[in-house]
Amino acid sequence: MKLMIVDDSNIIRSKIARALGKHGLEIAALASNGQEAVRCFTTVRPDLVTMDLTMPNMDGIECIRRLRQINPDVRVLVVSALADKATAIAALKEGAQGFLHKPFTEDDLTEAMDELLGVRNG
Amino acid sequence: MWNLGLGKYRTMVISIALFLLFDLGVLVMNFFISSEISSDAANVNIVGRQRMLTQRMAKASLQIESRVIAGQSYRDLMMELDRASAVYDQTLMAYINGGTVPGTGSGDFVVKRIDDEKAQKMLADAQEQWAPYRDAIQAFVRSDAPTLEQAMDVARNSEVVNVWLLTLMNDLTTRVEELAASKATVLRTVQLTGMLLATINFLIIMFHFIRHLRRSDQALERAHRETDDILRTTQEGLFLLDADGRVGSQQSRALAGILGVQVPPGSDFLDILRPLVTPKVFDTAREYIDLLLRHEVREKLVAGLNPLDSVEITVTRGPGMVETRFLQFRFNRVMEGEVVTHLLVTTNDISRRVRLERDLRESEVRAQGQMSVLLQILGVEPHLLQDFLRNASEGLNLINQQLELQPAPGENLLTKVNAIFRIAHRIKGDAAAVGLESVAQSFHGLEDMLSGMRERGDLVGEDFLPVAVRMKALFSEIETIHNVLTRMAQMRGVVTVEPARPKTEPSAVANPIVRQWISYAKQLAERHGKQVDLVYQGMDVSDLHPVQREAVSSIVNQFVRNALVHGIERPEDRKARGKAESGRLAVYVANWGENGIEVSFRDDGQGIDQAKLRAAVVRSGRMNEEEVGTVDMRRLVSFIFEPGISTRETADEDAGRGAGLDAVRDLVRKLGGQIRIGMTTGEYCHFRVQLPPVHESLVSVPAITSQEAAA
């Protein structure tokens with residue numbers, strides 16, 4: 001399973017990469033904004049994406065829309081500190097399958113990722 | 001082969017198939033026997049024709065005879081006789097062996113051999129009679145010119161045979177009719193049996209299905225009753241939402257009570273929700289429900305976005321009675337295969353939990369109030385705090401001793417209570433006096449406890465247990481203050497905490513003494529190629545006793561000079577060390593009233609160069625190199641106040657002769673004060689001077705002048 005991490009904070013990026021790398025996922029790409037994510041996506045072709053919502057140069061919702069246009073089967077986990085639930089719901093309607101609230105623990109993250117993979121397996 | 005996915009309908013299908021089979025069987029039999037009966041009816045007709053033919057042959061024979069006698073033509077009669085005998089013969093043979101005969105109407109008729117012994121016997125008799133008669137007729141008809149004798153012979157013959165054959169054919173007709181009648185009986189029996197079987201089958205089907213239906217009805221009723229019981233008893237509000245967001249027909253009894261409104265089946269859930277919550281929550285809830293119903297998301301992974309997880313609603317209870325509650329709605333998908341058909345909604349009144357959580361938060365806020373204790377500590381004059389802590393610890397130990405003391409036999413425990421009370425009361429008073437309000441409160445609590453014991457009288461040793469527990473808390477409270485102070489002492493010098501205020505208070509700048517310090521610092525800085533800012537905080541120096549004012553002015557000037565010559569580095573060096581190019585001198589003067597005044601002077605220069613100081617000590621001849629290598633830091637630093645010690649190898653007008661700080665020391669000594677020094681190499685140097693209150697006898701102080709210092 002190839003994973004792409006999209007987040008404008010390098011601390012969060014490395015936290016997710018560390019946790020999910022340990023969990024057995026291949027960290028295929030890191031992106032710090034939506035544009036970068038779309039660029040990486042076409043070349044790397046990840047199966048899973050963790051997506052921040054508020055980022056410079058194309059926000060998360062727009063980014064999810066573009067990624068789904070390229071590969072409708074991609075699994076997206078929104079990882080956001082957003083207090084506004086309505087925006088997060090809008091992101092999920094755009095095709096993301098799950099939401100993880102920041103701040104999160106490593107266990108929260110791996111559990112959410114297992115749950116997300118369950119969509120495909122069962 | 002029965003496993004065709006018929007499932008529970010298998011029995012029914014088999015039964016119906018059997019029913020159809022019986023019906024079909026009856027139908028086939030019916031058809032078969034009916035056709036038999038109809039052919040029997042034809043037989044009766046044909047046998048009847050034989051009788052008619054016998055008569056006709058007899059009649060023709062007699063007519064021929066009379067025409068021969070009369071000499072008339074008889075050709076037509078001869079042909080008729082021939083035809084009749086041929087048909088008769090063919091028919092008779094067909095009944096014996098089976099064959100085709102000319103029909104009574106048009107066309108031929110197929111005759112089967114009659115499978116009956118009696119009938120065959122009759123036919124055999126008829127054949128026996130017929131054969132000579134037939135031969136005679138044939139011979140007569142074939143002769144070209146029949147004689148009268150021949151005609152008379154045939155006529156006589158026909159008279160005799162005719163009677164015989166008529167009788168036989170009559171009997172045969174009767175027999176054939178009998179056979180047909182018996183077939184009709186068989187047919188009736190078959191029909192009756194078929195009907196009977198079909199009826200039995202029908203009854204079996206009926207019985208079977210009624211039993212099944214009743215059994216499944218009972219199961220359904222039981223399930224229904226159980227569902228009712230659950231819905232009636234559960235404390236949660238339960239109902240289903242269909243894909244259009246409409247409420248299902250079943251709901252728990254608790255639901256209306258929890259929501260405070262009736263929820264009619266079939267109503268739109270959003271309509272019910274709308275008046276209960278804010279528009280924002282309502283919009284989010286609508287989106288969330290839509291998300292669960294129509295989008296491929298993981299239920300568990302989006303639960304955190306449920307806007308109704310904890311929502312405050314206002315419930316009207318009767319006229320004018322309004323109640324605020326916290327409700328929790330949880331939504332679970334009901335799936336059929338891959339499709340979400342319904343959402344199961346679970347509602348709970350979580351007001352109690354929410355209020356508890358709120359209380360907890362409030363107590364956390366109170367705990368943050370401990371911060372204010374910290375600020376109280378900071379507000380207390382250090383000496384007083386020190387004294388208080390010492391007294392409080394001693395007091396607590398005394399109370400402990402009292403508690404541990406084994407009471408003498410017959411001793412009144414009230415004495416012990418009183419002794420403890422006195423100590424607690426004293427500490428409470430001390431705490432209040434220094435401003436430690438929270439500590440005073442704690443000791444007040446102990447007092448209350450002891451008062452209660454005093455009033456109750458009649459005490460036993462165990463009554464002191466709660467006091468001992470309370471003591472533990474008090475010890476830890478005092479301990480906490482100790483720890484905070486220790487931490488603060490450790491932080492000094494490591495962390496510079498300066499309040500964000502204007503660099504120098506306007507009133508202080510206006511003060512001529514402070515202005516003089518600032519300009520002196522600038523002047524020196526310029527001379528030594530350095531940059532510096534002097535910041536003053538604290539009391540108005542003009543308010544000082546003239547003697548103190550003069551002393552403070554001189555001391556600060558001396559520190560300024562020392563800092564600019566030794567401490568503050570050149571701008572380029574500072575920059576290289578990551579410091580601001582401009583050095584900073586912080587001056588602070590505080591008036592402690594009866595405890596005198598304190599002057600604090602801090603520069604952020606390079607501190608004291610220990611190597612250079614050691615060299616200077618050796619140069620002054622006070623110690624040799626070996627001695628100076630073993631001397632500890634504290635002793636070494638104290639040399640900077642000794643006359644004739646300077647880390648500068650050459651003297652100029654500002655420094656280098658080793659005078660200056662020693663003059664400060666002398667002045668402070670004369671005034672009965674003391675100097676402390678703190679520094680970190682490369683970071684800062686901090687002088688603190690304490691001067692006692694001025695006695696009126698002291699009129700003037702010998703001032704330190706730059707000339708003196710340089711001398």
# chains A, B, ... in the order shown; residues from 1 in each chain; ligands from 1
>>> closest_atom_pairs(of="chain B", to="chain A", cutoff="6 Å", atoms="only C-alpha atoms", output="JSON lines")
{"residue": "B:Thr284", "atom": "CA", "partner": "A:Ala86", "partner_atom": "CA", "distance": 5.3}
{"residue": "B:Val297", "atom": "CA", "partner": "A:Gln97", "partner_atom": "CA", "distance": 4.1}
{"residue": "B:Arg298", "atom": "CA", "partner": "A:Gln97", "partner_atom": "CA", "distance": 5.8}
{"residue": "B:Leu301", "atom": "CA", "partner": "A:Gly98", "partner_atom": "CA", "distance": 4.7}
{"residue": "B:Val302", "atom": "CA", "partner": "A:Phe99", "partner_atom": "CA", "distance": 5.6}
{"residue": "B:Leu305", "atom": "CA", "partner": "A:Lys85", "partner_atom": "CA", "distance": 5.7}
>>> write_last_selection(atoms="N, CA, C and O atoms", output="PDB file, in the first residue's frame")
ATOM      1  N   THR B 284     -25.446  21.632   9.731  1.00  0.00           N
ATOM      2  CA  THR B 284     -24.404  20.616   9.795  1.00  0.00           C
ATOM      3  C   THR B 284     -25.026  19.232   9.985  1.00  0.00           C
ATOM      4  O   THR B 284     -24.592  18.263   9.372  1.00  0.00           O
ATOM      5  N   VAL B 297     -18.512   6.630   3.062  1.00  0.00           N
ATOM      6  CA  VAL B 297     -17.571   6.974   4.123  1.00  0.00           C
ATOM      7  C   VAL B 297     -17.664   5.893   5.191  1.00  0.00           C
ATOM      8  O   VAL B 297     -18.634   5.158   5.259  1.00  0.00           O
ATOM      9  N   ARG B 298     -16.603   5.808   6.025  1.00  0.00           N
ATOM     10  CA  ARG B 298     -16.615   4.835   7.105  1.00  0.00           C
ATOM     11  C   ARG B 298     -17.350   5.440   8.287  1.00  0.00           C
ATOM     12  O   ARG B 298     -16.950   6.479   8.808  1.00  0.00           O
ATOM     13  N   LEU B 301     -15.272   6.282  11.155  1.00  0.00           N
ATOM     14  CA  LEU B 301     -14.287   7.338  10.924  1.00  0.00           C
ATOM     15  C   LEU B 301     -14.904   8.727  10.833  1.00  0.00           C
ATOM     16  O   LEU B 301     -14.184   9.720  10.821  1.00  0.00           O
ATOM     17  N   VAL B 302     -16.215   8.813  10.724  1.00  0.00           N
ATOM     18  CA  VAL B 302     -16.815  10.142  10.647  1.00  0.00           C
ATOM     19  C   VAL B 302     -17.637  10.460  11.893  1.00  0.00           C
ATOM     20  O   VAL B 302     -18.223  11.529  11.993  1.00  0.00           O
ATOM     21  N   LEU B 305     -17.505  13.736  13.592  1.00  0.00           N
ATOM     22  CA  LEU B 305     -18.069  14.939  12.974  1.00  0.00           C
ATOM     23  C   LEU B 305     -19.553  15.113  13.279  1.00  0.00           C
ATOM     24  O   LEU B 305     -20.173  16.080  12.852  1.00  0.00           O
TER      25      LEU B 305
END
>>> residues_around(residues="B:Val417", least_positions_apart="2", cutoff="9 Å", atoms="only C-alpha atoms", output="mmCIF file with N, CA and C atoms, in the first residue's frame")
data_model
loop_
_atom_site.group_PDB
_atom_site.id
_atom_site.type_symbol
_atom_site.label_atom_id
_atom_site.label_comp_id
_atom_site.auth_asym_id
_atom_site.auth_seq_id
_atom_site.Cartn_x
_atom_site.Cartn_y
_atom_site.Cartn_z
ATOM 1 N N GLN B 402 2.886 16.708 68.786
ATOM 2 C CA GLN B 402 1.701 16.587 69.638
ATOM 3 C C GLN B 402 0.885 15.358 69.258
ATOM 4 N N LEU B 413 -7.730 14.675 76.441
ATOM 5 C CA LEU B 413 -7.267 14.901 75.063
ATOM 6 C C LEU B 413 -7.582 16.312 74.589
ATOM 7 N N LEU B 414 -8.462 16.992 75.289
ATOM 8 C CA LEU B 414 -8.812 18.359 74.937
ATOM 9 C C LEU B 414 -7.593 19.271 75.024
ATOM 10 N N THR B 415 -6.709 19.003 75.968
ATOM 11 C CA THR B 415 -5.478 19.779 76.117
ATOM 12 C C THR B 415 -4.677 19.728 74.827
ATOM 13 N N ALA B 419 -3.617 22.707 72.252
ATOM 14 C CA ALA B 419 -2.224 22.994 71.903
ATOM 15 C C ALA B 419 -2.064 23.081 70.381
ATOM 16 N N ILE B 420 -2.672 22.126 69.695
ATOM 17 C CA ILE B 420 -2.575 22.128 68.234
ATOM 18 C C ILE B 420 -3.265 23.368 67.679
ATOM 19 N N PHE B 421 -4.406 23.692 68.256
ATOM 20 C CA PHE B 421 -5.177 24.844 67.783
ATOM 21 C C PHE B 421 -4.342 26.121 67.872
ATOM 22 N N ARG B 422 -3.636 26.273 68.995
ATOM 23 C CA ARG B 422 -2.832 27.488 69.162
ATOM 24 C C ARG B 422 -1.783 27.613 68.069
ATOM 25 N N LEU B 450 -10.546 21.447 64.365
ATOM 26 C CA LEU B 450 -10.201 21.356 65.790
ATOM 27 C C LEU B 450 -11.317 21.943 66.657
ATOM 28 N N SER B 451 -11.955 23.019 66.187
ATOM 29 C CA SER B 451 -13.061 23.616 66.936
ATOM 30 C C SER B 451 -14.176 22.597 67.123
ATOM 31 N N MET B 453 -13.904 19.406 67.219
ATOM 32 C CA MET B 453 -13.512 18.401 68.204
ATOM 33 C C MET B 453 -13.672 18.955 69.621
ATOM 34 N N ARG B 454 -13.304 20.245 69.752
ATOM 35 C CA ARG B 454 -13.362 20.878 71.066
ATOM 36 C C ARG B 454 -14.804 20.910 71.567
ATOM 37 N N PHE B 464 -8.230 11.848 66.202
ATOM 38 C CA PHE B 464 -7.152 12.692 65.659
ATOM 39 C C PHE B 464 -6.699 12.268 64.269
#
>>> residues_around(residues="A:Ser32", least_positions_apart="2", cutoff="6 Å", atoms="only C-alpha atoms", output="tab-separated table (two decimals) with C-alpha atoms, in the first residue's frame")
chain	number	residue	atom	x	y	z
A	6	VAL	CA	-0.43	16.02	2.38
A	7	ASP	CA	0.01	18.61	5.13
A	8	ASP	CA	1.53	22.07	5.27
>>> select_by_dssp(residues="stretch 439-639 of chain B", states="strand (DSSP E)", output="PDB file with N, CA and C atoms, in the first residue's frame")
ATOM      1  N   VAL B 532      25.517  51.009  23.907  1.00  0.00           N
ATOM      2  CA  VAL B 532      24.874  50.567  25.138  1.00  0.00           C
ATOM      3  C   VAL B 532      23.563  51.317  25.378  1.00  0.00           C
ATOM      4  N   ASP B 533      22.600  50.601  26.011  1.00  0.00           N
ATOM      5  CA  ASP B 533      21.370  51.235  26.492  1.00  0.00           C
ATOM      6  C   ASP B 533      21.266  50.988  27.980  1.00  0.00           C
ATOM      7  N   LEU B 534      20.973  52.050  28.718  1.00  0.00           N
ATOM      8  CA  LEU B 534      20.772  51.867  30.155  1.00  0.00           C
ATOM      9  C   LEU B 534      19.282  51.966  30.435  1.00  0.00           C
ATOM     10  N   VAL B 535      18.749  50.978  31.108  1.00  0.00           N
ATOM     11  CA  VAL B 535      17.327  50.935  31.408  1.00  0.00           C
ATOM     12  C   VAL B 535      17.141  51.019  32.908  1.00  0.00           C
ATOM     13  N   TYR B 536      16.271  51.904  33.338  1.00  0.00           N
ATOM     14  CA  TYR B 536      16.034  52.005  34.777  1.00  0.00           C
ATOM     15  C   TYR B 536      14.613  51.588  35.117  1.00  0.00           C
ATOM     16  N   GLN B 537      14.515  50.816  36.199  1.00  0.00           N
ATOM     17  CA  GLN B 537      13.191  50.497  36.733  1.00  0.00           C
ATOM     18  C   GLN B 537      13.251  50.654  38.238  1.00  0.00           C
ATOM     19  N   GLY B 538      12.105  50.844  38.835  1.00  0.00           N
ATOM     20  CA  GLY B 538      12.086  50.878  40.298  1.00  0.00           C
ATOM     21  C   GLY B 538      11.611  52.212  40.824  1.00  0.00           C
ATOM     22  N   GLY B 583      24.757  46.816  23.880  1.00  0.00           N
ATOM     23  CA  GLY B 583      24.719  46.170  25.195  1.00  0.00           C
ATOM     24  C   GLY B 583      23.586  46.737  26.039  1.00  0.00           C
ATOM     25  N   ARG B 584      23.243  46.024  27.101  1.00  0.00           N
ATOM     26  CA  ARG B 584      22.094  46.454  27.894  1.00  0.00           C
ATOM     27  C   ARG B 584      22.484  46.490  29.365  1.00  0.00           C
ATOM     28  N   LEU B 585      22.232  47.633  29.985  1.00  0.00           N
ATOM     29  CA  LEU B 585      22.470  47.763  31.422  1.00  0.00           C
ATOM     30  C   LEU B 585      21.120  47.947  32.089  1.00  0.00           C
ATOM     31  N   ALA B 586      20.755  47.055  33.037  1.00  0.00           N
ATOM     32  CA  ALA B 586      19.468  47.168  33.712  1.00  0.00           C
ATOM     33  C   ALA B 586      19.713  47.585  35.156  1.00  0.00           C
ATOM     34  N   VAL B 587      19.164  48.740  35.518  1.00  0.00           N
ATOM     35  CA  VAL B 587      19.355  49.251  36.885  1.00  0.00           C
ATOM     36  C   VAL B 587      17.998  49.244  37.579  1.00  0.00           C
ATOM     37  N   TYR B 588      18.024  48.834  38.857  1.00  0.00           N
ATOM     38  CA  TYR B 588      16.775  48.707  39.587  1.00  0.00           C
ATOM     39  C   TYR B 588      17.052  49.109  41.020  1.00  0.00           C
ATOM     40  N   VAL B 589      16.229  50.011  41.539  1.00  0.00           N
ATOM     41  CA  VAL B 589      16.376  50.387  42.954  1.00  0.00           C
ATOM     42  C   VAL B 589      15.034  50.180  43.627  1.00  0.00           C
ATOM     43  N   ALA B 590      15.025  49.463  44.758  1.00  0.00           N
ATOM     44  CA  ALA B 590      13.779  49.220  45.487  1.00  0.00           C
ATOM     45  C   ALA B 590      13.950  49.670  46.926  1.00  0.00           C
ATOM     46  N   ASN B 591      12.854  50.175  47.495  1.00  0.00           N
ATOM     47  CA  ASN B 591      12.885  50.588  48.894  1.00  0.00           C
ATOM     48  C   ASN B 591      12.104  49.578  49.705  1.00  0.00           C
ATOM     49  N   ILE B 597      17.263  49.602  51.459  1.00  0.00           N
ATOM     50  CA  ILE B 597      17.047  49.654  50.017  1.00  0.00           C
ATOM     51  C   ILE B 597      17.932  48.622  49.316  1.00  0.00           C
ATOM     52  N   GLU B 598      17.528  48.325  48.080  1.00  0.00           N
ATOM     53  CA  GLU B 598      18.333  47.378  47.306  1.00  0.00           C
ATOM     54  C   GLU B 598      18.627  48.005  45.951  1.00  0.00           C
ATOM     55  N   VAL B 599      19.894  47.902  45.540  1.00  0.00           N
ATOM     56  CA  VAL B 599      20.285  48.376  44.215  1.00  0.00           C
ATOM     57  C   VAL B 599      20.702  47.150  43.409  1.00  0.00           C
ATOM     58  N   SER B 600      20.098  47.021  42.235  1.00  0.00           N
ATOM     59  CA  SER B 600      20.459  45.885  41.388  1.00  0.00           C
ATOM     60  C   SER B 600      21.009  46.437  40.089  1.00  0.00           C
ATOM     61  N   PHE B 601      22.156  45.891  39.639  1.00  0.00           N
ATOM     62  CA  PHE B 601      22.777  46.340  38.403  1.00  0.00           C
ATOM     63  C   PHE B 601      23.185  45.109  37.612  1.00  0.00           C
ATOM     64  N   ARG B 602      22.660  45.090  36.375  1.00  0.00           N
ATOM     65  CA  ARG B 602      22.931  43.894  35.580  1.00  0.00           C
ATOM     66  C   ARG B 602      23.356  44.312  34.186  1.00  0.00           C
ATOM     67  N   ASP B 603      24.482  43.742  33.698  1.00  0.00           N
ATOM     68  CA  ASP B 603      24.851  43.992  32.300  1.00  0.00           C
ATOM     69  C   ASP B 603      24.861  42.673  31.554  1.00  0.00           C
TER      70      ASP B 603
END
>>> residues_around(residues="A:Arg66", least_positions_apart="6", cutoff="12 Å", atoms="only C-alpha atoms", output="NGL selection string")
:A and (34-39 or 41-42 or 58-60 or 72 or 74 or 94-96)
>>> select_by_dssp(residues="stretch 412-500 of chain B", states="alpha helix (DSSP H)", output="ChimeraX atom specification")
/B:413-434,437-456,465-491
>>> write_last_selection(atoms="C-alpha atoms", output="compact mmCIF listing (two decimals), in the first residue's frame")
# COMPACT_ATOMS: atom_id res chain seq x y z
CA LEU B 413 -7.27 14.90 75.06
CA LEU B 414 -8.81 18.36 74.94
CA THR B 415 -5.48 19.78 76.12
CA LYS B 416 -3.88 18.29 73.03
CA VAL B 417 -6.55 19.80 70.77
CA ASN B 418 -5.98 23.20 72.35
CA ALA B 419 -2.22 22.99 71.90
CA ILE B 420 -2.57 22.13 68.23
CA PHE B 421 -5.18 24.84 67.78
CA ARG B 422 -2.83 27.49 69.16
CA ILE B 423 -0.07 26.55 66.77
CA ALA B 424 -2.42 26.38 63.76
CA HIS B 425 -3.88 29.73 64.69
CA ARG B 426 -0.45 31.32 64.84
CA ILE B 427 0.56 30.02 61.43
CA LYS B 428 -2.74 31.16 59.95
CA GLY B 429 -2.09 34.66 61.32
CA ASP B 430 1.45 34.67 59.90
CA ALA B 431 0.24 33.53 56.48
CA ALA B 432 -2.42 36.21 56.35
CA ALA B 433 0.13 38.83 57.43
CA VAL B 434 2.57 38.08 54.64
CA GLU B 437 -4.18 34.07 51.47
CA SER B 438 -4.56 30.50 50.25
CA VAL B 439 -2.27 29.12 52.94
CA ALA B 440 -4.21 31.08 55.55
CA GLN B 441 -7.39 29.45 54.23
CA SER B 442 -5.91 25.99 54.58
CA PHE B 443 -4.94 26.55 58.20
CA HIS B 444 -8.35 28.03 58.79
CA GLY B 445 -9.78 24.68 57.69
CA LEU B 446 -7.63 22.91 60.26
CA GLU B 447 -8.88 25.32 62.91
CA ASP B 448 -12.48 24.53 62.01
CA MET B 449 -11.80 20.85 62.37
CA LEU B 450 -10.20 21.36 65.79
CA SER B 451 -13.06 23.62 66.94
CA GLY B 452 -15.48 20.85 66.08
CA MET B 453 -13.51 18.40 68.20
CA ARG B 454 -13.36 20.88 71.07
CA GLU B 455 -17.11 21.34 71.05
CA ARG B 456 -17.80 17.62 70.97
CA LEU B 465 -6.89 10.64 62.49
CA PRO B 466 -8.54 13.27 60.28
CA VAL B 467 -6.18 15.87 61.75
CA ALA B 468 -3.19 13.74 60.77
CA VAL B 469 -4.57 13.42 57.22
CA ARG B 470 -5.10 17.15 57.02
CA MET B 471 -1.58 17.72 58.30
CA LYS B 472 -0.19 15.77 55.40
CA ALA B 473 -1.92 18.14 52.98
CA LEU B 474 -0.61 21.18 54.84
CA PHE B 475 2.94 19.85 54.80
CA SER B 476 2.71 19.34 51.06
CA GLU B 477 1.31 22.84 50.60
CA ILE B 478 4.26 24.40 52.40
CA GLU B 479 6.58 22.03 50.58
CA THR B 480 5.14 23.25 47.25
CA ILE B 481 6.01 26.83 48.11
CA HIS B 482 9.53 25.71 49.01
CA ASN B 483 9.84 23.91 45.70
CA VAL B 484 8.58 26.87 43.73
CA LEU B 485 11.13 29.11 45.42
CA THR B 486 13.92 26.65 44.70
CA ARG B 487 12.92 26.47 41.06
CA MET B 488 12.79 30.23 40.86
CA ALA B 489 16.28 30.48 42.32
CA GLN B 490 17.54 27.99 39.75
CA MET B 491 15.98 29.95 36.94
>>> residues_around(residues="A:Gly21", least_positions_apart="2", cutoff="12 Å", atoms="only C-alpha atoms", output="list in words")
Met1, Lys2, Leu3, Met4, Ile5, Arg13, Ser14, Lys15, Ile16, Ala17, Arg18, Ala19, His23, Gly24, Leu25, Glu26, Ile27, Ala28, Ala29, Glu106, Leu109, Thr110 and Met113 of chain A
>>> atom_distance(atom1="atom CA of B:His208", atom2="atom CA of B:Leu21")
19.2 Å
>>> residues_around(residues="B:Arg333", least_positions_apart="6", cutoff="7 Å", atoms="only C-alpha atoms", output="list in words")
Val340, His342, Leu343 and Leu344 of chain B
